[in-house]
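Containing compact mmCIF, C-alpha atoms: final_5.txt.
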# COMPACT_ATOMS: atom_id res chain seq x y z
CA MET L 1 -4.24 -3.28 6.60
CA HIS L 2 -5.02 0.05 5.08
CA ILE L 3 -7.61 2.80 4.97
CA SER L 4 -9.21 3.59 1.64
CA GLU L 5 -9.57 6.97 0.02
CA GLY L 6 -12.22 9.41 1.14
CA VAL L 7 -12.65 8.16 4.71
CA LEU L 8 -10.34 10.29 6.83
CA SER L 9 -10.49 14.00 7.56
CA GLY L 10 -7.98 16.56 6.32
CA PRO L 11 -6.03 17.00 9.59
CA VAL L 12 -5.57 13.23 9.99
CA LEU L 13 -4.41 12.84 6.37
CA ILE L 14 -2.00 15.76 6.69
CA SER L 15 -0.50 14.56 10.01
CA GLY L 16 -0.15 11.07 8.52
CA ALA L 17 1.64 12.44 5.47
CA ALA L 18 3.94 14.61 7.59
CA LEU L 19 4.86 11.74 9.93
CA ALA L 20 5.40 9.40 6.99
CA ALA L 21 7.65 11.96 5.31
CA ALA L 22 9.71 12.29 8.50
CA GLY L 23 10.00 8.51 8.92
CA THR L 24 10.90 8.04 5.28
CA ALA L 25 13.53 10.79 5.50
CA ILE L 26 15.16 9.01 8.47
CA GLY L 27 14.92 5.69 6.65
CA LEU L 28 16.51 7.09 3.49
CA LYS L 29 19.26 8.73 5.49
CA LYS L 30 20.14 5.37 7.04
CA LEU L 31 19.88 3.59 3.68
CA ASP L 32 22.95 4.24 1.56
CA TYR L 33 23.07 3.66 -2.19
CA ASP L 34 24.87 0.34 -1.76
CA HIS L 35 21.88 -1.14 0.05
CA ILE L 36 19.09 0.14 -2.16
CA ALA L 37 19.19 -3.03 -4.26
CA LYS L 38 18.65 -5.12 -1.13
CA ALA L 39 15.93 -2.87 0.28
CA GLY L 40 14.14 -2.86 -3.08
CA MET L 41 14.34 -6.64 -3.36
CA LEU L 42 12.99 -7.10 0.18
CA ALA L 43 10.24 -4.55 -0.54
CA ALA L 44 9.33 -6.66 -3.56
CA ALA L 45 9.31 -9.81 -1.39
CA PHE L 46 7.11 -8.00 1.17
CA PHE L 47 4.72 -7.04 -1.64
CA VAL L 48 4.57 -10.64 -2.89
CA ALA L 49 4.16 -12.05 0.63
CA SER L 50 1.12 -9.82 1.06
CA LEU L 51 -0.48 -11.71 -1.84
CA ILE L 52 -0.36 -14.99 0.12
CA HIS L 53 -3.72 -15.95 1.55
CA VAL L 54 -3.64 -18.31 4.52
CA PRO L 55 -6.77 -20.13 5.63
CA ILE L 56 -8.36 -19.27 8.99
CA GLY L 57 -11.25 -21.65 9.55
CA PRO L 58 -13.84 -21.11 6.82
CA SER L 59 -12.32 -17.76 5.81
CA ASN L 60 -8.83 -16.62 4.89
CA ALA L 61 -6.57 -13.63 5.38
CA HIS L 62 -3.55 -12.37 3.53
CA LEU L 63 -0.21 -12.17 5.28
CA ILE L 64 1.04 -8.70 6.22
CA LEU L 65 4.37 -9.43 7.92
CA ASN L 66 5.27 -5.82 8.66
CA GLY L 67 6.87 -6.99 11.93
CA LEU L 68 9.22 -9.27 10.00
CA VAL L 69 10.04 -6.53 7.50
CA GLY L 70 10.88 -4.25 10.43
CA LEU L 71 13.32 -6.87 11.77
CA LEU L 72 14.96 -7.33 8.37
CA LEU L 73 15.21 -3.67 7.35
CA GLY L 74 15.13 -1.55 10.53
CA TRP L 75 14.50 2.11 9.73
CA ALA L 76 14.71 1.35 6.01
CA ALA L 77 11.32 -0.34 6.48
CA PHE L 78 9.78 3.13 6.13
CA PRO L 79 10.84 3.84 2.53
CA ALA L 80 10.47 0.14 1.60
CA ILE L 81 6.89 -0.03 2.86
CA LEU L 82 6.07 3.35 1.30
CA VAL L 83 7.24 2.01 -2.06
CA ALA L 84 5.39 -1.28 -1.66
CA LEU L 85 2.17 0.60 -0.84
CA ALA L 86 2.65 2.93 -3.81
CA LEU L 87 2.99 -0.15 -6.00
CA GLN L 88 -0.12 -1.71 -4.47
CA GLY L 89 -1.94 1.52 -5.26
CA ALA L 90 -0.69 1.50 -8.82
CA PHE L 91 -1.45 -2.19 -9.43
CA PHE L 92 -4.72 -2.65 -7.57
CA GLN L 93 -5.90 0.87 -6.69
CA PHE L 94 -6.15 -0.23 -3.04
CA GLY L 95 -5.07 3.18 -1.91
CA GLY L 96 -4.41 6.47 -3.55
CA ILE L 97 -2.32 9.57 -3.23
CA THR L 98 -4.00 11.23 -0.26
CA THR L 99 -3.90 8.11 1.94
CA LEU L 100 -0.36 7.04 1.05
CA GLY L 101 1.08 8.89 4.05
CA ILE L 102 -1.26 7.59 6.71
CA ASN L 103 -1.13 4.05 5.28
CA THR L 104 2.66 4.15 5.40
CA ILE L 105 2.44 5.12 9.08
CA ILE L 106 -0.06 2.32 9.72
CA MET L 107 2.30 -0.31 8.34
CA ALA L 108 5.80 1.08 8.86
CA LEU L 109 5.64 2.67 12.31
CA PRO L 110 4.82 -0.68 14.00
CA ALA L 111 7.56 -2.29 11.92
CA VAL L 112 10.20 0.14 13.18
CA LEU L 113 8.88 -0.04 16.77
CA CYS L 114 9.18 -3.84 16.67
CA TYR L 115 12.71 -3.53 15.34
CA LEU L 116 13.66 -1.12 18.13
CA GLY L 117 11.90 -3.18 20.80
CA PHE L 118 12.80 -6.74 19.85
CA GLY L 119 15.74 -6.44 17.44
CA ARG L 120 18.24 -7.14 20.19
CA MET L 121 16.56 -10.35 21.39
CA ILE L 122 16.76 -12.32 18.14
CA PHE L 123 20.10 -13.92 18.98
CA LYS L 124 19.39 -14.67 22.65
CA SER L 125 18.47 -18.23 23.68
CA PRO L 126 15.91 -19.88 21.36
CA GLN L 127 12.99 -19.48 23.80
CA ILE L 128 13.52 -15.73 24.17
CA ALA L 129 14.19 -15.31 20.46
CA TYR L 130 11.06 -17.11 19.31
CA LEU L 131 8.92 -15.38 21.92
CA ALA L 132 10.31 -12.01 20.77
CA ALA L 133 9.62 -12.94 17.14
CA PHE L 134 6.07 -13.97 17.98
CA ALA L 135 5.58 -10.69 19.84
CA CYS L 136 6.94 -8.87 16.80
CA GLY L 137 4.38 -10.39 14.45
CA PHE L 138 1.52 -10.10 16.94
CA LEU L 139 2.21 -6.59 18.21
CA ALA L 140 2.96 -5.18 14.76
CA ILE L 141 -0.58 -6.01 13.62
CA LEU L 142 -2.08 -4.89 16.94
CA THR L 143 -0.27 -1.55 16.69
CA SER L 144 -1.33 -1.16 13.06
CA GLY L 145 -4.91 -1.82 14.12
CA ILE L 146 -4.65 0.74 16.91
CA ILE L 147 -3.29 3.39 14.50
CA VAL L 148 -6.15 2.61 12.08
CA GLY L 149 -8.59 2.95 14.97
CA LEU L 150 -7.07 6.21 16.21
CA SER L 151 -7.09 7.80 12.77
CA LEU L 152 -10.76 6.83 12.39
CA ILE L 153 -11.66 8.20 15.83
CA PHE L 154 -9.75 11.46 15.24
CA THR L 155 -11.72 11.83 12.02
CA GLU L 156 -15.09 11.31 13.65
CA GLU L 157 -15.85 10.20 17.21
CA ASN L 158 -18.73 8.09 16.02
CA PHE L 159 -16.26 5.81 14.22
CA LEU L 160 -15.55 4.21 17.62
CA GLU L 161 -17.60 1.09 16.87
CA VAL L 162 -16.07 0.62 13.43
CA ALA L 163 -12.59 1.02 14.92
CA GLY L 164 -13.32 -1.58 17.59
CA LEU L 165 -14.75 -3.93 14.99
CA ILE L 166 -11.64 -3.63 12.82
CA ILE L 167 -9.27 -4.38 15.71
CA ALA L 168 -11.41 -7.29 16.92
CA ALA L 169 -11.58 -8.75 13.42
CA HIS L 170 -7.79 -8.74 13.26
CA ILE L 171 -7.21 -10.79 16.44
CA PRO L 172 -6.93 -14.08 14.49
CA VAL L 173 -4.63 -12.32 12.03
CA MET L 174 -2.41 -11.18 14.92
CA ILE L 175 -2.04 -14.75 16.17
CA ILE L 176 -1.22 -16.10 12.73
CA GLU L 177 1.24 -13.30 12.02
CA GLY L 178 2.90 -14.04 15.37
CA VAL L 179 3.20 -17.75 14.59
CA VAL L 180 4.43 -17.20 11.02
CA THR L 181 6.95 -14.55 12.13
CA ALA L 182 8.30 -16.81 14.89
CA ILE L 183 8.74 -19.78 12.55
CA CYS L 184 10.21 -17.54 9.88
CA VAL L 185 12.77 -16.11 12.31
CA ALA L 186 13.67 -19.61 13.47
CA PHE L 187 14.16 -20.57 9.82
CA LEU L 188 16.30 -17.51 9.05
CA ARG L 189 18.39 -18.10 12.17
CA LYS L 190 19.35 -21.49 10.79
CA VAL L 191 19.60 -20.66 7.09
CA ARG L 192 20.91 -17.10 6.88
CA PRO L 193 21.41 -15.58 10.31
CA GLU L 194 23.25 -12.54 8.92
CA MET L 195 19.94 -11.21 7.57
CA LEU L 196 18.60 -10.76 11.11
CA PRO L 197 19.43 -7.78 13.33
CA GLY L 198 22.20 -8.10 15.91
CA TYR L 199 23.98 -11.00 14.20
CA PRO L 200 26.98 -11.65 16.45
CA GLY L 201 29.19 -13.49 13.90
CA MET C 1 -0.53 -12.76 -11.93
CA LEU C 2 0.40 -9.12 -11.56
CA GLN C 3 -0.81 -6.91 -14.35
CA GLU C 4 -1.16 -3.27 -15.26
CA PRO C 5 -4.31 -3.47 -17.38
CA PHE C 6 -4.70 0.27 -17.92
CA ALA C 7 -1.07 1.16 -18.60
CA VAL C 8 -1.10 0.60 -22.35
CA GLY C 9 -3.54 2.57 -24.47
CA ASN C 10 -3.83 5.20 -27.10
CA SER C 11 -6.31 7.65 -25.61
CA ILE C 12 -5.77 11.38 -25.17
CA LEU C 13 -5.00 10.85 -21.48
CA HIS C 14 -2.39 8.20 -22.23
CA ARG C 15 -0.57 10.72 -24.42
CA ILE C 16 -0.57 13.60 -21.93
CA ASP C 17 2.78 14.28 -20.23
CA PRO C 18 2.93 12.01 -17.15
CA ARG C 19 4.24 14.85 -14.98
CA MET C 20 1.15 16.90 -15.73
CA ARG C 21 -1.09 13.91 -14.99
CA ILE C 22 0.61 13.25 -11.65
CA ALA C 23 0.30 16.89 -10.62
CA ALA C 24 -3.36 17.04 -11.69
CA ALA C 25 -4.21 13.77 -9.94
CA THR C 26 -2.55 14.93 -6.72
CA VAL C 27 -4.33 18.28 -6.56
CA TYR C 28 -7.65 16.78 -7.62
CA SER C 29 -7.58 13.94 -5.05
CA VAL C 30 -6.60 16.27 -2.22
CA ILE C 31 -9.48 18.62 -3.02
CA VAL C 32 -11.99 15.77 -3.28
CA ALA C 33 -10.70 14.19 -0.06
CA LEU C 34 -11.25 17.48 1.78
CA SER C 35 -14.75 18.11 0.37
CA ARG C 36 -17.85 17.27 2.38
CA HIS C 37 -20.95 18.49 0.61
CA PHE C 38 -23.05 16.45 -1.76
CA PRO C 39 -23.12 18.87 -4.75
CA THR C 40 -19.29 18.89 -4.71
CA LEU C 41 -19.01 15.13 -4.34
CA ALA C 42 -21.57 14.42 -7.07
CA THR C 43 -19.73 16.77 -9.43
CA ALA C 44 -16.45 15.05 -8.55
CA VAL C 45 -17.91 11.62 -9.38
CA GLY C 46 -19.12 13.07 -12.70
CA ALA C 47 -15.70 14.56 -13.46
CA SER C 48 -13.95 11.28 -12.59
CA LEU C 49 -16.34 9.36 -14.84
CA ALA C 50 -15.53 11.80 -17.64
CA LEU C 51 -11.80 11.12 -17.06
CA ILE C 52 -12.41 7.36 -17.24
CA MET C 53 -14.26 7.87 -20.56
CA LEU C 54 -11.45 10.07 -21.87
CA ALA C 55 -8.90 7.41 -20.96
CA LYS C 56 -11.03 4.78 -22.77
CA LEU C 57 -10.50 2.19 -20.02
CA ARG C 58 -12.29 -1.13 -20.35
CA PRO C 59 -15.45 -0.72 -18.24
CA ARG C 60 -15.20 -4.31 -17.02
CA ASP C 61 -11.76 -3.81 -15.46
CA VAL C 62 -12.86 -0.53 -13.87
CA VAL C 63 -15.96 -2.12 -12.33
CA ILE C 64 -14.00 -5.10 -10.97
CA ARG C 65 -11.57 -2.78 -9.20
CA LEU C 66 -14.32 -0.59 -7.83
CA ILE C 67 -16.14 -3.62 -6.42
CA ILE C 68 -13.03 -4.72 -4.52
CA VAL C 69 -12.48 -1.22 -3.15
CA ASN C 70 -16.11 -0.83 -2.15
CA SER C 71 -16.08 -3.88 0.12
CA PHE C 72 -14.82 -1.58 2.89
CA THR C 73 -17.48 1.00 2.08
CA LEU C 74 -20.06 -1.78 2.39
CA LEU C 75 -18.83 -2.44 5.94
CA LEU C 76 -19.38 1.24 6.73
CA TRP C 77 -22.93 1.08 5.33
CA LEU C 78 -23.61 -1.88 7.63
CA VAL C 79 -22.16 -0.33 10.79
CA LEU C 80 -22.35 3.47 10.63
CA PRO C 81 -26.11 3.95 10.20
CA LEU C 82 -26.69 1.76 13.28
CA THR C 83 -24.08 3.29 15.57
CA PHE C 84 -23.96 6.99 14.73
CA GLN C 85 -25.59 9.08 17.44
CA GLY C 86 -28.08 11.68 16.26
CA SER C 87 -31.54 11.96 14.77
CA VAL C 88 -33.24 8.68 13.92
CA ALA C 89 -34.18 8.24 10.28
CA ILE C 90 -36.03 4.91 10.41
CA SER C 91 -36.77 2.48 13.24
CA ILE C 92 -37.05 -1.21 12.47
CA GLY C 93 -38.09 -3.03 15.65
CA PRO C 94 -35.30 -2.58 18.21
CA LEU C 95 -32.90 -1.18 15.58
CA SER C 96 -32.80 2.47 14.76
CA VAL C 97 -31.09 3.78 11.68
CA TYR C 98 -29.41 7.12 12.28
CA HIS C 99 -29.62 9.91 9.77
CA SER C 100 -26.06 11.21 10.15
CA GLY C 101 -24.69 7.67 9.76
CA LEU C 102 -26.40 7.34 6.40
CA ILE C 103 -25.06 10.71 5.29
CA MET C 104 -21.53 9.84 6.39
CA SER C 105 -21.61 6.51 4.55
CA ALA C 106 -22.87 8.19 1.38
CA GLN C 107 -20.17 10.87 1.59
CA ILE C 108 -17.40 8.33 1.98
CA THR C 109 -18.72 6.16 -0.85
CA LEU C 110 -18.87 9.08 -3.29
CA LYS C 111 -15.47 10.42 -2.24
CA SER C 112 -13.56 7.18 -2.44
CA ASN C 113 -15.07 6.21 -5.78
CA ALA C 114 -14.37 9.64 -7.28
CA ILE C 115 -10.74 9.62 -6.11
CA LEU C 116 -10.05 6.07 -7.21
CA MET C 117 -11.60 6.55 -10.65
CA ALA C 118 -9.44 9.63 -11.20
CA LEU C 119 -6.44 7.59 -10.07
CA MET C 120 -7.22 4.87 -12.60
CA ALA C 121 -7.67 7.39 -15.41
CA LEU C 122 -4.63 9.54 -14.64
CA ILE C 123 -2.01 7.42 -12.86
CA ALA C 124 -2.76 3.80 -13.74
CA THR C 125 -2.57 4.80 -17.41
CA MET C 126 1.23 4.92 -17.23
CA THR C 127 3.62 2.07 -16.53
CA LEU C 128 5.44 2.16 -13.23
CA SER C 129 8.74 2.84 -14.94
CA THR C 130 7.24 5.95 -16.55
CA LEU C 131 5.83 6.94 -13.16
CA GLY C 132 9.27 6.56 -11.57
CA SER C 133 10.97 8.69 -14.19
CA ALA C 134 8.25 11.32 -14.00
CA LEU C 135 8.62 11.49 -10.22
CA ASN C 136 12.36 11.88 -10.75
CA ARG C 137 11.70 14.83 -13.08
CA LEU C 138 9.34 16.26 -10.45
CA HIS C 139 12.35 16.33 -8.12
CA LEU C 140 11.45 13.61 -5.67
CA PRO C 141 14.53 12.40 -3.75
CA ASP C 142 16.77 10.26 -5.96
CA LYS C 143 16.88 7.40 -3.49
CA ILE C 144 13.13 6.90 -3.26
CA VAL C 145 12.78 6.86 -7.06
CA HIS C 146 15.63 4.41 -7.32
CA LEU C 147 14.01 2.23 -4.66
CA LEU C 148 10.63 2.39 -6.43
CA LEU C 149 12.08 1.38 -9.80
CA MET C 150 14.20 -1.36 -8.22
CA THR C 151 11.18 -2.80 -6.41
CA TYR C 152 9.04 -2.60 -9.54
CA ARG C 153 11.73 -4.29 -11.62
CA TYR C 154 11.92 -7.28 -9.27
CA ILE C 155 8.31 -7.70 -8.15
CA PHE C 156 7.60 -9.91 -11.16
CA VAL C 157 10.75 -11.96 -10.66
CA ILE C 158 10.03 -12.51 -6.97
CA GLU C 159 6.43 -13.35 -7.74
CA GLN C 160 7.63 -16.10 -10.08
CA GLU C 161 10.05 -17.28 -7.42
CA PHE C 162 7.09 -17.53 -5.05
CA GLN C 163 5.02 -19.44 -7.63
CA ARG C 164 7.91 -21.90 -8.02
CA LEU C 165 8.11 -22.50 -4.28
CA MET C 166 4.33 -22.90 -4.14
CA ARG C 167 4.32 -25.41 -7.02
CA ALA C 168 7.07 -27.41 -5.34
CA ALA C 169 5.01 -27.54 -2.15
CA GLN C 170 1.86 -28.55 -4.01
CA ILE C 171 3.65 -31.33 -5.89
CA ARG C 172 4.71 -32.69 -2.51
CA GLY C 173 1.03 -32.82 -1.58
CA PHE C 174 0.68 -29.57 0.39
CA ARG C 175 -2.94 -28.64 0.91
CA PRO C 176 -3.65 -25.51 2.97
CA GLY C 177 -5.95 -25.84 5.96
CA THR C 178 -6.36 -24.29 9.38
CA ASN C 179 -3.50 -26.08 11.15
CA LEU C 180 0.03 -25.50 12.37
CA HIS C 181 1.49 -27.50 9.49
CA THR C 182 0.01 -25.03 6.99
CA TYR C 183 1.35 -21.99 8.83
CA LYS C 184 4.73 -23.65 9.16
CA THR C 185 4.85 -24.36 5.45
CA TYR C 186 3.89 -20.81 4.54
CA ALA C 187 6.42 -19.44 7.03
CA TYR C 188 9.20 -21.54 5.43
CA ILE C 189 8.08 -20.45 1.96
CA VAL C 190 8.13 -16.80 3.01
CA GLY C 191 11.49 -17.29 4.76
CA MET C 192 12.92 -18.88 1.62
CA LEU C 193 11.49 -16.04 -0.45
CA PHE C 194 13.30 -13.50 1.72
CA VAL C 195 16.54 -15.51 1.64
CA ARG C 196 16.48 -15.80 -2.15
CA SER C 197 15.61 -12.10 -2.46
CA ALA C 198 18.62 -11.16 -0.34
CA LEU C 199 20.92 -13.45 -2.35
CA ARG C 200 19.57 -12.06 -5.60
CA ALA C 201 20.05 -8.51 -4.30
CA ASP C 202 23.73 -9.35 -3.66
CA ARG C 203 24.19 -10.62 -7.20
CA VAL C 204 22.33 -7.69 -8.72
CA TYR C 205 24.36 -5.20 -6.71
CA LYS C 206 27.62 -6.83 -7.82
CA ALA C 207 26.43 -6.78 -11.43
CA MET C 208 25.59 -3.10 -11.06
CA LEU C 209 29.10 -2.41 -9.74
CA CYS C 210 30.59 -4.32 -12.68
CA ARG C 211 28.66 -2.05 -15.04
CA GLY C 212 30.07 1.02 -13.30
CA PHE C 213 27.30 1.92 -10.82
CA LYS C 214 28.31 5.25 -9.30
CA ARG C 215 25.59 5.67 -6.69
CA LYS C 216 23.34 7.50 -9.06
CA PHE C 217 20.38 6.24 -11.01
CA TYR C 218 19.84 7.86 -14.38
CA CYS C 219 16.31 8.22 -15.73
CA LEU C 220 16.42 8.36 -19.50
CA HIS C 221 12.76 9.17 -20.22
CA GLN C 222 12.26 12.48 -21.96
CA PHE C 223 9.04 14.37 -21.30
CA ARG C 224 7.59 17.21 -23.28
CA THR C 225 4.98 19.73 -22.20
CA GLY C 226 3.14 21.15 -25.21
CA LYS C 227 -0.21 22.63 -26.15
CA GLU C 228 -2.22 19.50 -25.24
CA GLU C 229 -0.68 19.46 -21.76
CA TRP C 230 -1.56 23.06 -21.04
CA LEU C 231 -5.09 22.49 -22.33
CA PHE C 232 -5.46 19.48 -20.05
CA GLY C 233 -3.91 21.37 -17.14
CA THR C 234 -6.32 24.25 -17.62
CA ALA C 235 -9.32 21.91 -17.84
CA MET C 236 -8.31 20.16 -14.62
CA GLY C 237 -7.69 23.54 -12.99
CA VAL C 238 -11.18 24.69 -13.94
CA ALA C 239 -12.67 21.43 -12.61
CA VAL C 240 -10.85 21.90 -9.29
CA MET C 241 -12.00 25.54 -9.10
CA VAL C 242 -15.62 24.45 -9.68
CA LEU C 243 -15.31 21.90 -6.86
CA ILE C 244 -13.87 24.49 -4.50
CA TYR C 245 -16.61 26.97 -5.48
CA LEU C 246 -19.37 24.43 -4.85
CA GLU C 247 -17.87 23.54 -1.49
CA TRP C 248 -17.53 27.22 -0.52
CA LEU C 249 -21.12 27.92 -1.61
CA LYS C 250 -22.44 25.26 0.78
CA ALA C 251 -20.10 26.19 3.60
CA GLY C 252 -21.37 29.78 3.45
CA VAL C 253 -25.00 28.77 4.04
Represent the structure from my file as structure tokens, please.
Amino acid sequence: MHISEGVLSGPVLISGAALAAAGTAIGLKKLDYDHIAKAGMLAAAFFVASLIHVPIGPSNAHLILNGLVGLLLGWAAFPAILVALALQGAFFQFGGITTLGINTIIMALPAVLCYLGFGRMIFKSPQIAYLAAFACGFLAILTSGIIVGLSLIFTEENFLEVAGLIIAAHIPVMIIEGVVTAICVAFLRKVRPEMLPGYPG
Amino acid sequence: MLQEPFAVGNSILHRIDPRMRIAAATVYSVIVALSRHFPTLATAVGASLALIMLAKLRPRDVVIRLIIVNSFTLLLWLVLPLTFQGSVAISIGPLSVYHSGLIMSAQITLKSNAILMALMALIATMTLSTLGSALNRLHLPDKIVHLLLMTYRYIFVIEQEFQRLMRAAQIRGFRPGTNLHTYKTYAYIVGMLFVRSALRADRVYKAMLCRGFKRKFYCLHQFRTGKEEWLFGTAMGVAVMVLIYLEWLKAGV
């Protein structure tokens, strides 16, 4: 989910860039040089996962998985997502320089919020863990949609309908992201639990 | 497959110092993004087209990218003219098309196309590794440059890893549809992708240590700013000044 160039007003773009810079600074502070290889590799995996199109009825949507990336990287999700978006911009021209900040906020802020909110529940009993993982996937997209909507409305009040339309159109995506994140977390718990936050072993 | 179709070329723009191009692209896109009046935006589209010509990009590739980007603009054209409050331009039966909605859609379309064309001509004309090194020389934090180059280095590898997993699934008869089985399969594929990425990151990190990694990433590119660069910088500066002047002219009225 992202906003293309030329849509948002100056104040929204500037606040987005400032917030993204702050988030990235925290993320970089928490990411020491020994873990850059891992963060880069996971950013690459996040980029590739966003190329996967899953069918929804007659249409399809690409996976976003920012909730999952938040769980795997914590605060480092900020720089990782910033880099992945910069690469998307360079490869596909989906976004440019002026929207990089706000788009990073759209994707990375929900990721970090999910990490802070649900990170501790991943190693509770399976029911709680999978419910938390589903909530992670679902709420990450919902929050992203709300940030998109807010930045549109702060640009121009008459964007209200477009904002509503965008959030409504993403409801199926939220459900699928929730399901995929829950199954993915279940898989990681069995295969490589130490990748998930709060690993007790 | 992932490709950088514009990165290799022999045009004037390809030869300009990447640092100068990044700086010019940043200033130019910020100014265009903040502009609102049609004379400014039309001039910006003209200037961006001129940049595309200077970079000698294949028109077909440019058009394909612009079509993808404009799918969102199309949504705006469908919604905004019908929902924007204000003076009515045309009424068709129960529907009324609002004037300000049309203007807003046109503004956004011109802006986003101008910015993205400039981006293709100035930034997409260098490989990502050049971009990383140039950002390093422009004094971006070391860590973010390192992360960018690391991600770029492994995107292609991980993409192939994904293709391998996908092929394995297809050979076992996997056909995507709207059902839980499909989502489960994709979730396992993505999970496996993350697991293999983490394992690979471990190996890569150990290999880096073996080669004497000392928590610093050295960029070896050398850049040179000569006469051509200053000429280009001045031209872009003049273009930006013209845009600001046009915008100021309209704002004064």
Write out as a list in words each polymer residue whose atoms come within 8 Å of Ser35 of chain C, counting all atoms listed in the file; drop sequence neighbours fewer than 5 positions from it.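 Using all atoms listed in the file, the neighbours found are Thr40, Leu41 and Glu247 of chain C.
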Which one is closest to chain L: C:Ser133, C:Thr178, C:Ser96, C:Ser105? Count all atoms listed in the file.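 When distances to chain L are compared using all atoms listed in the file, the smallest one comes from C:Thr178.
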Which one of L:Ile167, L:Ile97, L:Leu65, L:Ala20 sits closest to chain C if you count only C-alpha atoms?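 When distances to chain C are compared using only C-alpha atoms, the smallest one comes from L:Ile97.
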Which of these residues is nearest to chain C, using only C-alpha atoms: L:Pro197, L:Gly145, L:Gly16, L:Pro55?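 So, comparing all the options, the nearest one is L:Pro55.
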Leaving out Val112 of chain L and any residue of its chain fewer than 4 positions from it, which residues lie within 12 Å of it when counting all atoms listed in the file, given as an NGL selection string? :L and (23-24 or 26-27 or 66-81 or 104-108 or 116-119 or 136 or 139-140 or 143-144)
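Nearest-residue note for Leu42 of chain L: choosing from L:Ile183, L:Ile102, L:Val83, L:Val162, the minimum distance belongs to L:Val83, counting all atoms listed in the file.
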Of the listed residues C:Gln170, C:Thr125, C:Thr130, C:Ser197, that which approaches Ile158 of chain C most closely, counting all atoms listed in the file: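 Between C:Gln170, C:Thr125, C:Thr130, C:Ser197, the residue approaching Ile158 of chain C most closely is C:Ser197.
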For the interface of segment 46-165 of chain L with segment 110-120 of chain C (cut-off 8 Å, counting all atoms listed in the file), please tabulate each contacting residue of segment 46-165 of chain L alongside its nearest pair of atoms and their separation in Å to one decimal, rows sorted by chain and increasing number, as JSON lines.
{"residue": "L:Gln93", "atom": "CA", "partner": "C:Leu116", "partner_atom": "CA", "distance": 6.7}
{"residue": "L:Gly95", "atom": "CA", "partner": "C:Leu116", "partner_atom": "CA", "distance": 7.8}
{"residue": "L:Gly96", "atom": "CA", "partner": "C:Leu116", "partner_atom": "CA", "distance": 6.7}
Rank C:Ala124, C:Cys219, C:Met241, C:Ala201 by their smallest atom-to-atom distance to Ala25 of chain C, using all atoms listed in the file, and report the top residue only.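 Between C:Ala124, C:Cys219, C:Met241, C:Ala201, the residue approaching Ala25 of chain C most closely is C:Ala124.
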I'd like the contact shell of segment 28-37 of chain L - 8 Å cut-off, all atoms listed in the file, skipping same-chain residues fewer than 3 positions apart - returned as a compact mmCIF listing (two decimals) with C-alpha atoms, in the frame of the given file.
# COMPACT_ATOMS: atom_id res chain seq x y z
CA THR L 24 10.90 8.04 5.28
CA ALA L 25 13.53 10.79 5.50
CA GLY L 40 14.14 -2.86 -3.08
CA MET L 41 14.34 -6.64 -3.36
CA TRP L 75 14.50 2.11 9.73
CA ALA L 76 14.71 1.35 6.01
CA PRO L 79 10.84 3.84 2.53
CA LYS C 143 16.88 7.40 -3.49
CA ILE C 144 13.13 6.90 -3.26
CA HIS C 146 15.63 4.41 -7.32
CA LEU C 147 14.01 2.23 -4.66
CA MET C 150 14.20 -1.36 -8.22
CA ALA C 201 20.05 -8.51 -4.30
CA ASP C 202 23.73 -9.35 -3.66
CA VAL C 204 22.33 -7.69 -8.72
CA TYR C 205 24.36 -5.20 -6.71
CA ARG C 215 25.59 5.67 -6.69
CA LYS C 216 23.34 7.50 -9.06
Give as a PyMOL selection string the set of residues within 12 Å of the point (-19.3, -0.6, 20.2), where distances use the file's coordinates and only C-alpha atoms. (chain L and resi 157-168) or (chain C and resi 79-80+82-85)
Selection: 8 Å around Val48 of chain L, all atoms listed in the file, excl. self and same-chain fewer than 5 positions, as an MDAnalysis selection string: chainID C and resid 155 158:159 162
